[in-house]
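Engineer: Supplied structure: final_26.tsv, TSV, C-alpha atoms.
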chain	number	residue	atom	x	y	z
I	4	MET	CA	-1.33	13.21	13.81
I	5	GLY	CA	-3.81	16.00	14.30
I	6	ARG	CA	-7.02	17.49	12.98
I	7	ASN	CA	-7.13	19.33	9.66
I	8	GLY	CA	-5.22	22.60	9.66
I	9	MET	CA	-3.04	21.79	12.67
I	10	GLY	CA	0.32	21.97	10.87
I	11	LYS	CA	1.01	18.40	9.77
I	12	THR	CA	1.66	19.14	6.09
I	13	THR	CA	3.45	22.36	6.99
I	14	THR	CA	5.77	20.33	9.20
I	15	ILE	CA	6.55	17.94	6.34
I	16	SER	CA	7.03	20.88	3.96
I	17	SER	CA	9.38	22.55	6.45
I	18	ILE	CA	11.45	19.40	6.85
I	19	CYS	CA	11.82	19.20	3.06
I	20	GLY	CA	12.69	22.89	2.68
I	21	LEU	CA	9.55	23.69	0.71
I	22	VAL	CA	8.39	26.50	3.01
I	23	PRO	CA	10.47	29.01	4.94
I	24	TYR	CA	11.08	28.36	8.62
I	25	ALA	CA	9.27	30.66	11.05
I	26	LYS	CA	11.56	29.62	13.88
I	27	GLY	CA	13.44	26.63	15.16
I	28	ARG	CA	15.59	24.26	13.18
I	29	VAL	CA	15.44	20.85	11.58
I	30	SER	CA	18.38	18.48	11.53
I	31	PHE	CA	18.79	15.14	9.82
I	32	LYS	CA	21.72	12.81	10.41
I	33	GLY	CA	23.33	15.57	12.47
I	34	GLN	CA	23.15	18.10	9.65
I	35	ASP	CA	21.20	21.34	10.02
I	36	LEU	CA	18.62	21.61	7.20
I	37	THR	CA	17.60	25.16	8.07
I	38	GLY	CA	17.75	27.30	4.93
I	39	MET	CA	19.05	24.44	2.79
I	40	PRO	CA	17.47	24.14	-0.70
I	41	SER	CA	15.00	21.28	-1.06
I	42	PHE	CA	17.06	19.47	-3.71
I	43	LYS	CA	20.02	19.28	-1.31
I	44	ILE	CA	17.74	18.02	1.47
I	45	ALA	CA	16.49	15.28	-0.87
I	46	ARG	CA	20.06	14.30	-1.69
I	47	LEU	CA	20.74	13.78	2.02
I	48	GLY	CA	18.26	10.92	1.92
I	49	LEU	CA	14.74	12.28	2.37
I	50	GLY	CA	12.08	10.93	0.01
I	51	LEU	CA	8.79	12.84	-0.08
I	52	VAL	CA	5.43	11.31	-0.98
I	53	PRO	CA	3.35	14.52	-1.09
I	54	GLU	CA	-0.29	14.93	-0.25
I	55	GLY	CA	-2.36	14.70	-3.43
I	56	ARG	CA	0.10	12.37	-5.21
I	57	ARG	CA	1.51	14.93	-7.68
I	58	CYS	CA	2.82	12.53	-10.31
I	59	PHE	CA	4.16	14.02	-13.51
I	60	PRO	CA	0.96	13.63	-15.58
I	61	ASN	CA	2.48	13.70	-19.07
I	62	LEU	CA	5.20	11.17	-18.28
I	63	THR	CA	4.76	7.41	-18.32
I	64	VAL	CA	5.02	5.31	-15.19
I	65	TYR	CA	8.54	4.33	-16.26
I	66	GLU	CA	9.55	7.96	-16.89
I	67	ASN	CA	8.13	9.04	-13.52
I	68	LEU	CA	10.17	6.36	-11.79
I	69	ILE	CA	13.50	7.09	-13.45
I	70	ALA	CA	13.16	10.89	-13.31
I	71	ALA	CA	14.82	11.15	-9.90
I	72	ALA	CA	16.26	7.66	-9.50
I	73	ARG	CA	19.50	7.27	-7.59
I	74	ASP	CA	21.70	4.21	-7.18
I	75	GLY	CA	20.87	1.96	-4.26
I	76	ASP	CA	18.80	-1.00	-3.11
I	77	TRP	CA	15.58	0.34	-4.63
I	78	THR	CA	15.92	-0.51	-8.31
I	79	LEU	CA	13.26	-0.38	-10.99
I	80	GLN	CA	12.76	-4.14	-10.72
I	81	ARG	CA	12.47	-4.05	-6.93
I	82	VAL	CA	9.85	-1.30	-7.17
I	83	PHE	CA	7.96	-3.33	-9.79
I	84	ASP	CA	8.17	-6.39	-7.53
I	85	PHE	CA	6.77	-4.30	-4.69
I	86	PHE	CA	4.03	-2.73	-6.86
I	87	PRO	CA	3.29	-5.27	-9.67
I	88	ARG	CA	0.46	-3.11	-11.00
I	89	LEU	CA	2.98	-0.41	-11.91
I	90	GLU	CA	4.95	-2.86	-14.03
I	91	GLU	CA	1.72	-3.73	-15.87
I	92	ARG	CA	1.23	-0.02	-16.56
I	93	ARG	CA	4.88	0.79	-17.24
I	94	ASP	CA	4.19	2.58	-20.57
I	95	GLN	CA	0.95	4.24	-19.48
I	96	TYR	CA	0.83	7.99	-18.80
I	97	ALA	CA	0.46	8.90	-15.12
I	98	ASN	CA	-2.65	11.01	-15.73
I	99	THR	CA	-4.48	7.91	-17.02
I	100	LEU	CA	-3.90	5.91	-13.82
I	101	SER	CA	-6.52	5.51	-11.10
I	102	GLY	CA	-6.04	7.48	-7.87
I	103	GLY	CA	-4.71	4.40	-6.09
I	104	GLU	CA	-2.28	3.63	-8.90
I	105	GLN	CA	-1.06	7.24	-8.84
I	106	GLN	CA	-0.47	6.91	-5.09
I	107	MET	CA	1.52	3.72	-5.67
I	108	LEU	CA	3.51	5.57	-8.32
I	109	SER	CA	4.17	8.46	-5.95
I	110	ILE	CA	5.47	6.09	-3.26
I	111	ALA	CA	7.51	4.14	-5.81
I	112	ARG	CA	9.01	7.36	-7.19
I	113	ALA	CA	10.14	8.34	-3.69
I	114	LEU	CA	11.65	4.88	-3.18
I	115	MET	CA	13.60	5.21	-6.43
I	116	THR	CA	15.56	8.05	-4.80
I	117	ASN	CA	16.80	5.41	-2.32
I	118	PRO	CA	15.92	7.51	0.72
I	119	GLU	CA	16.95	6.85	4.28
I	120	LEU	CA	13.65	8.38	5.41
I	121	VAL	CA	10.36	8.39	3.49
I	122	LEU	CA	7.91	11.14	4.40
I	123	LEU	CA	4.32	10.08	3.63
I	124	ASP	CA	1.78	12.90	3.73
I	125	GLU	CA	-1.82	11.63	3.85
I	126	ALA	CA	-1.02	8.62	1.68
I	127	THR	CA	-4.56	7.22	1.65
I	128	GLU	CA	-6.59	10.45	1.53
I	129	GLY	CA	-9.52	10.24	-0.89
I	130	LEU	CA	-8.92	6.63	-1.95
I	131	ALA	CA	-11.47	3.81	-2.05
I	132	PRO	CA	-11.35	1.49	1.00
I	133	VAL	CA	-9.91	-1.44	-0.96
I	134	ILE	CA	-7.12	0.72	-2.37
I	135	ARG	CA	-6.49	2.23	1.08
I	136	GLN	CA	-5.86	-1.27	2.37
I	137	GLU	CA	-3.38	-1.92	-0.46
I	138	ILE	CA	-1.47	1.26	0.38
I	139	TRP	CA	-1.39	0.45	4.11
I	140	GLN	CA	-0.20	-3.07	3.29
I	141	ALA	CA	2.60	-1.52	1.21
I	142	VAL	CA	3.53	0.78	4.11
I	143	ARG	CA	3.68	-2.21	6.46
I	144	GLY	CA	5.86	-4.00	3.90
I	145	LEU	CA	8.21	-1.01	3.77
I	146	LYS	CA	8.50	-0.99	7.55
I	147	GLU	CA	9.17	-4.74	7.62
I	148	ALA	CA	11.89	-4.20	4.99
I	149	GLY	CA	13.58	-1.78	7.41
I	150	GLN	CA	12.59	1.47	5.70
I	151	SER	CA	12.32	4.46	8.06
I	152	ILE	CA	9.04	6.30	7.52
I	153	LEU	CA	7.48	9.48	8.87
I	154	ILE	CA	3.72	9.23	8.31
I	155	VAL	CA	1.16	12.02	8.48
I	156	ASP	CA	-2.34	10.58	8.61
I	157	LYS	CA	-5.66	10.69	10.44
I	158	THR	CA	-6.58	7.00	10.14
I	159	LEU	CA	-5.77	5.76	13.64
I	160	SER	CA	-7.03	2.22	13.05
I	161	GLU	CA	-4.40	1.77	10.33
I	162	LEU	CA	-1.68	4.00	11.70
I	163	LEU	CA	-1.41	2.88	15.32
I	164	PRO	CA	-0.60	-0.82	14.65
I	165	ILE	CA	2.45	0.12	12.55
I	166	ALA	CA	3.64	3.22	14.41
I	167	ASP	CA	6.59	3.06	16.80
I	168	ARG	CA	6.07	6.60	18.07
I	169	CYS	CA	3.21	9.10	17.73
I	170	VAL	CA	3.19	12.90	17.81
I	171	ILE	CA	-0.01	14.95	17.97
I	172	LEU	CA	0.06	18.50	16.65
I	173	GLU	CA	-2.39	21.25	17.48
I	174	LYS	CA	-1.94	24.69	15.92
I	175	GLY	CA	1.63	23.85	14.99
I	176	LEU	CA	2.65	22.74	18.48
I	177	THR	CA	3.35	19.27	19.81
I	178	VAL	CA	0.66	18.59	22.42
I	179	TRP	CA	1.45	14.90	23.00
I	180	GLN	CA	4.04	12.36	21.97
I	181	GLY	CA	4.73	8.79	22.94
I	182	PRO	CA	4.30	5.16	21.96
I	183	PRO	CA	0.95	4.27	20.37
I	184	GLY	CA	0.01	2.06	23.33
I	185	GLU	CA	-0.04	5.15	25.56
I	186	LEU	CA	-2.48	7.09	23.35
I	187	THR	CA	-5.62	7.07	25.48
I	188	SER	CA	-9.19	7.51	24.28
I	189	ASP	CA	-9.29	10.81	26.22
I	190	LEU	CA	-6.31	12.11	24.21
I	191	GLU	CA	-7.90	10.87	20.97
I	192	ASP	CA	-11.16	12.67	21.79
I	193	ARG	CA	-9.43	15.87	22.88
I	194	TYR	CA	-6.97	16.24	19.99
I	195	LEU	CA	-8.15	13.99	17.17
I	196	GLY	CA	-11.94	13.80	17.49
I	197	VAL	CA	-14.37	15.76	15.40
Could I get this structure in the form of structure tokens?
Structural biologist:
Amino acid sequence: MGRNGMGKTTTISSICGLVPYAKGRVSFKGQDLTGMPSFKIARLGLGLVPEGRRCFPNLTVYENLIAAARDGDWTLQRVFDFFPRLEERRDQYANTLSGGEQQMLSIARALMTNPELVLLDEATEGLAPVIRQEIWQAVRGLKEAGQSILIVDKTLSELLPIADRCVILEKGLTVWQGPPGELTSDLEDRYLGV
């Protein structure tokens, strides 16, 4: 968590090997990711749902889903069961979907890689309130299914009830971390308020 420009997306991008490290290191499952190409990091079990959705616009929903699919529990049918609207739009091009449908597609595409950890960057940014609720319901469903998730978001009312642990960033530094129940209104005002 953190205000705009505090390093949340940069942190996600660093974990995924999309930006060079300034200092420090990132490890996942005991393996040092520092300097590793992003495709190798993804193969270790990280599934990215980037800010701004970034679906392949000229591919169909089906083509987007199978583009990076890997064997595992998340099959095409399981993804369609999880997001029935995507099955209805299976042969539709991604650029013709609504913003909420594109976000569902972006999450589903990450799941098709059968990740051990899903990284969600601002999953509900810019979406209508009803669609936001659908996305948050899907995130809760993923957590209940045992999926590990790292979420970057500013919506405390939705984030705190599903979070196990919170980290607040300010100017790229961790200024607070702990369980959501210990996040006081003073901390919220100081680091997350407008």
Engineer: In terms of the shortest atom-to-atom distance over all atoms listed in the file, which of I:Phe86, I:Trp179, I:Tyr194, I:Trp77 is closest to Thr116 of chain I?
Structural biologist: I:Trp77
Engineer: Rounded to one decimal place, report the atom CA of Val52 of chain I-atom CA of Leu122 of chain I distance in Å.
Structural biologist: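 For atom CA of Val52 of chain I relative to atom CA of Leu122 of chain I, the distance reads 5.9 Å.
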Engineer: Hey, what's within 8 Å of Ala97 of chain I if we count all atoms listed in the file and toss same-chain stuff fewer than 2 positions away? As an mmCIF file with C-alpha atoms, in the frame of the given file, please?
Structural biologist:
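Printed below is selection-v7.cif as written:
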data_model
loop_
_atom_site.group_PDB
_atom_site.id
_atom_site.type_symbol
_atom_site.label_atom_id
_atom_site.label_comp_id
_atom_site.auth_asym_id
_atom_site.auth_seq_id
_atom_site.Cartn_x
_atom_site.Cartn_y
_atom_site.Cartn_z
ATOM 1 C CA CYS I 58 2.820 12.530 -10.310
ATOM 2 C CA PHE I 59 4.160 14.020 -13.510
ATOM 3 C CA PRO I 60 0.960 13.630 -15.580
ATOM 4 C CA ASN I 61 2.480 13.700 -19.070
ATOM 5 C CA LEU I 62 5.200 11.170 -18.280
ATOM 6 C CA THR I 63 4.760 7.410 -18.320
ATOM 7 C CA VAL I 64 5.020 5.310 -15.190
ATOM 8 C CA ASN I 67 8.130 9.040 -13.520
ATOM 9 C CA GLN I 95 0.950 4.240 -19.480
ATOM 10 C CA THR I 99 -4.480 7.910 -17.020
ATOM 11 C CA LEU I 100 -3.900 5.910 -13.820
ATOM 12 C CA GLN I 105 -1.060 7.240 -8.840
#
Engineer: Would you mind listing what lies within 6 Å of Ile171 of chain I as a VMD selection string, with all atoms listed in the file counted and same-chain residues fewer than 2 positions away left out?
Structural biologist: chain I and resid 4 to 5 177 to 179
Engineer: For Gly129 of chain I, which residue out of I:Gly75, I:Gly55, I:Gly149, I:Pro87 is the nearest one, using only C-alpha atoms?
Structural biologist: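 The closest residue to Gly129 of chain I is I:Gly55.
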Engineer: Of the candidates I:Ala166, I:Asp156, I:Glu161, I:Ser151, which shows the shortest atom-to-atom distance to Asn7 of chain I, using only C-alpha atoms?
Structural biologist: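 Of the candidates, the smallest distance to Asn7 of chain I is held by I:Asp156.
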Engineer: Restricting the calculation to only C-alpha atoms: of I:Arg112, I:Lys11, I:Lys32, I:Arg88, which residue gets closest to Glu137 of chain I?
Structural biologist: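 Smallest separation from Glu137 of chain I among the options: I:Arg88.
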Engineer: By how many Å are atom CA of Glu191 of chain I and atom CA of Leu163 of chain I apart?
Structural biologist: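 Distance between the two atoms: 11.7 Å.
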Engineer: Identify which of the residues I:Ile110, I:Val155, I:Leu186, I:Leu89 lies closest to Arg6 of chain I, counting all atoms listed in the file when measuring atom-to-atom distances.
Structural biologist: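 Answer, going by the shortest atom-to-atom distance: I:Val155.
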Engineer: Find the residue from I:Pro183, I:Gly8, I:Gly103, I:Gly50 that sits nearest to Asn117 of chain I; use all atoms listed in the file when measuring.
Structural biologist: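 Among the listed residues, the smallest separation from Asn117 of chain I belongs to I:Gly50.
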Engineer: As an exercise, work out the distance from atom CA of Phe31 of chain I to atom CA of Gly144 of chain I in Å and give it to one decimal place.
Structural biologist: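 Between these atoms lies a distance of 23.8 Å.
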Engineer: Quick one: everything within 12 Å of Phe42 of chain I, counting all atoms listed in the file, minus sequence neighbours fewer than 2 positions away in the same chain. Send it as a ChimeraX atom specification.
Structural biologist: /I:18-21,36,38-40,44-51,71,116
Engineer: Assuming 3 Å of padding per side, give the centre and edge lengths of the axis-aligned box around every listed atom of segment 104-122 of chain I, in Å to one decimal and as lines of an AutoDock Vina configuration file.
Structural biologist:
center_x = 7.3
center_y = 7.4
center_z = -1.7
size_x = 25.2
size_y = 13.5
size_z = 20.3
Engineer: Fewer than 2 positions away in the same chain doesn't count, so skip those; otherwise give me all residues within 8 Å of Gln150 of chain I, counting only C-alpha atoms, as a ChimeraX atom specification.
Structural biologist: /I:119-121,145-148,152
Engineer: Tell me which residues come within 8 Å of (8.5, 25.4, 12.0), as a list in words, counting all atoms listed in the file in the file's coordinates.
Structural biologist: Thr13, Thr14, Ser17, Tyr24, Ala25, Lys26, Gly27, Arg28 and Gly175 of chain I
Engineer: Taking the partial coordinates given, rebuild segment 67-100 of chain I to contain N, CA and C atoms; return it as a compact mmCIF listing (two decimals), in the coordinates of the input.
Structural biologist:
# COMPACT_ATOMS: atom_id res chain seq x y z
N ASN I 67 8.28 8.51 -14.87
CA ASN I 67 8.13 9.04 -13.52
C ASN I 67 9.13 8.39 -12.56
N LEU I 68 9.31 7.10 -12.71
CA LEU I 68 10.17 6.36 -11.79
C LEU I 68 11.66 6.67 -11.99
N ILE I 69 12.07 6.86 -13.22
CA ILE I 69 13.50 7.09 -13.45
C ILE I 69 13.88 8.57 -13.37
N ALA I 70 12.89 9.45 -13.30
CA ALA I 70 13.16 10.89 -13.31
C ALA I 70 14.12 11.32 -12.20
N ALA I 71 13.97 10.75 -11.02
CA ALA I 71 14.82 11.15 -9.90
C ALA I 71 15.56 9.96 -9.28
N ALA I 72 15.65 8.88 -10.03
CA ALA I 72 16.26 7.66 -9.50
C ALA I 72 17.73 7.88 -9.13
N ARG I 73 18.11 7.25 -8.03
CA ARG I 73 19.50 7.27 -7.59
C ARG I 73 19.91 5.83 -7.32
N ASP I 74 21.19 5.56 -7.43
CA ASP I 74 21.70 4.21 -7.18
C ASP I 74 21.42 3.79 -5.74
N GLY I 75 21.11 2.51 -5.59
CA GLY I 75 20.87 1.96 -4.26
C GLY I 75 20.06 0.68 -4.34
N ASP I 76 19.54 0.26 -3.20
CA ASP I 76 18.80 -1.00 -3.11
C ASP I 76 17.47 -0.95 -3.86
N TRP I 77 16.85 0.23 -3.93
CA TRP I 77 15.58 0.34 -4.63
C TRP I 77 15.85 0.56 -6.12
N THR I 78 15.74 -0.54 -6.86
CA THR I 78 15.92 -0.51 -8.31
C THR I 78 14.54 -0.54 -8.96
N LEU I 79 14.52 -0.32 -10.26
CA LEU I 79 13.26 -0.38 -10.99
C LEU I 79 12.59 -1.74 -10.79
N GLN I 80 13.35 -2.81 -10.88
CA GLN I 80 12.76 -4.14 -10.72
C GLN I 80 12.23 -4.37 -9.32
N ARG I 81 12.95 -3.88 -8.30
CA ARG I 81 12.47 -4.05 -6.93
C ARG I 81 11.17 -3.28 -6.71
N VAL I 82 11.09 -2.09 -7.28
CA VAL I 82 9.85 -1.30 -7.17
C VAL I 82 8.72 -2.03 -7.89
N PHE I 83 9.00 -2.58 -9.06
CA PHE I 83 7.96 -3.33 -9.79
C PHE I 83 7.56 -4.59 -9.03
N ASP I 84 8.50 -5.22 -8.35
CA ASP I 84 8.17 -6.39 -7.53
C ASP I 84 7.28 -5.98 -6.36
N PHE I 85 7.53 -4.81 -5.81
CA PHE I 85 6.77 -4.30 -4.69
C PHE I 85 5.38 -3.83 -5.11
N PHE I 86 5.30 -3.22 -6.30
CA PHE I 86 4.03 -2.73 -6.86
C PHE I 86 3.85 -3.34 -8.26
N PRO I 87 3.42 -4.61 -8.36
CA PRO I 87 3.29 -5.27 -9.67
C PRO I 87 2.38 -4.53 -10.65
N ARG I 88 1.38 -3.83 -10.12
CA ARG I 88 0.46 -3.11 -11.00
C ARG I 88 1.19 -2.03 -11.80
N LEU I 89 2.22 -1.44 -11.19
CA LEU I 89 2.98 -0.41 -11.91
C LEU I 89 3.75 -1.00 -13.07
N GLU I 90 4.24 -2.22 -12.91
CA GLU I 90 4.95 -2.86 -14.03
C GLU I 90 3.97 -3.11 -15.18
N GLU I 91 2.74 -3.51 -14.84
CA GLU I 91 1.72 -3.73 -15.87
C GLU I 91 1.42 -2.45 -16.64
N ARG I 92 1.55 -1.31 -15.97
CA ARG I 92 1.23 -0.02 -16.56
C ARG I 92 2.47 0.81 -16.89
N ARG I 93 3.57 0.16 -17.02
CA ARG I 93 4.88 0.79 -17.24
C ARG I 93 4.88 1.88 -18.32
N ASP I 94 4.19 1.64 -19.44
CA ASP I 94 4.19 2.58 -20.57
C ASP I 94 2.96 3.48 -20.61
N GLN I 95 2.17 3.44 -19.55
CA GLN I 95 0.95 4.24 -19.48
C GLN I 95 1.27 5.60 -18.86
N TYR I 96 0.62 6.66 -19.36
CA TYR I 96 0.83 7.99 -18.80
C TYR I 96 0.22 8.08 -17.41
N ALA I 97 0.88 8.80 -16.52
CA ALA I 97 0.46 8.90 -15.12
C ALA I 97 -0.95 9.46 -14.98
N ASN I 98 -1.33 10.40 -15.87
CA ASN I 98 -2.65 11.01 -15.73
C ASN I 98 -3.78 10.06 -16.14
N THR I 99 -3.45 8.88 -16.67
CA THR I 99 -4.48 7.91 -17.02
C THR I 99 -4.63 6.82 -15.96
N LEU I 100 -3.83 6.89 -14.89
CA LEU I 100 -3.90 5.91 -13.82
C LEU I 100 -5.03 6.26 -12.86
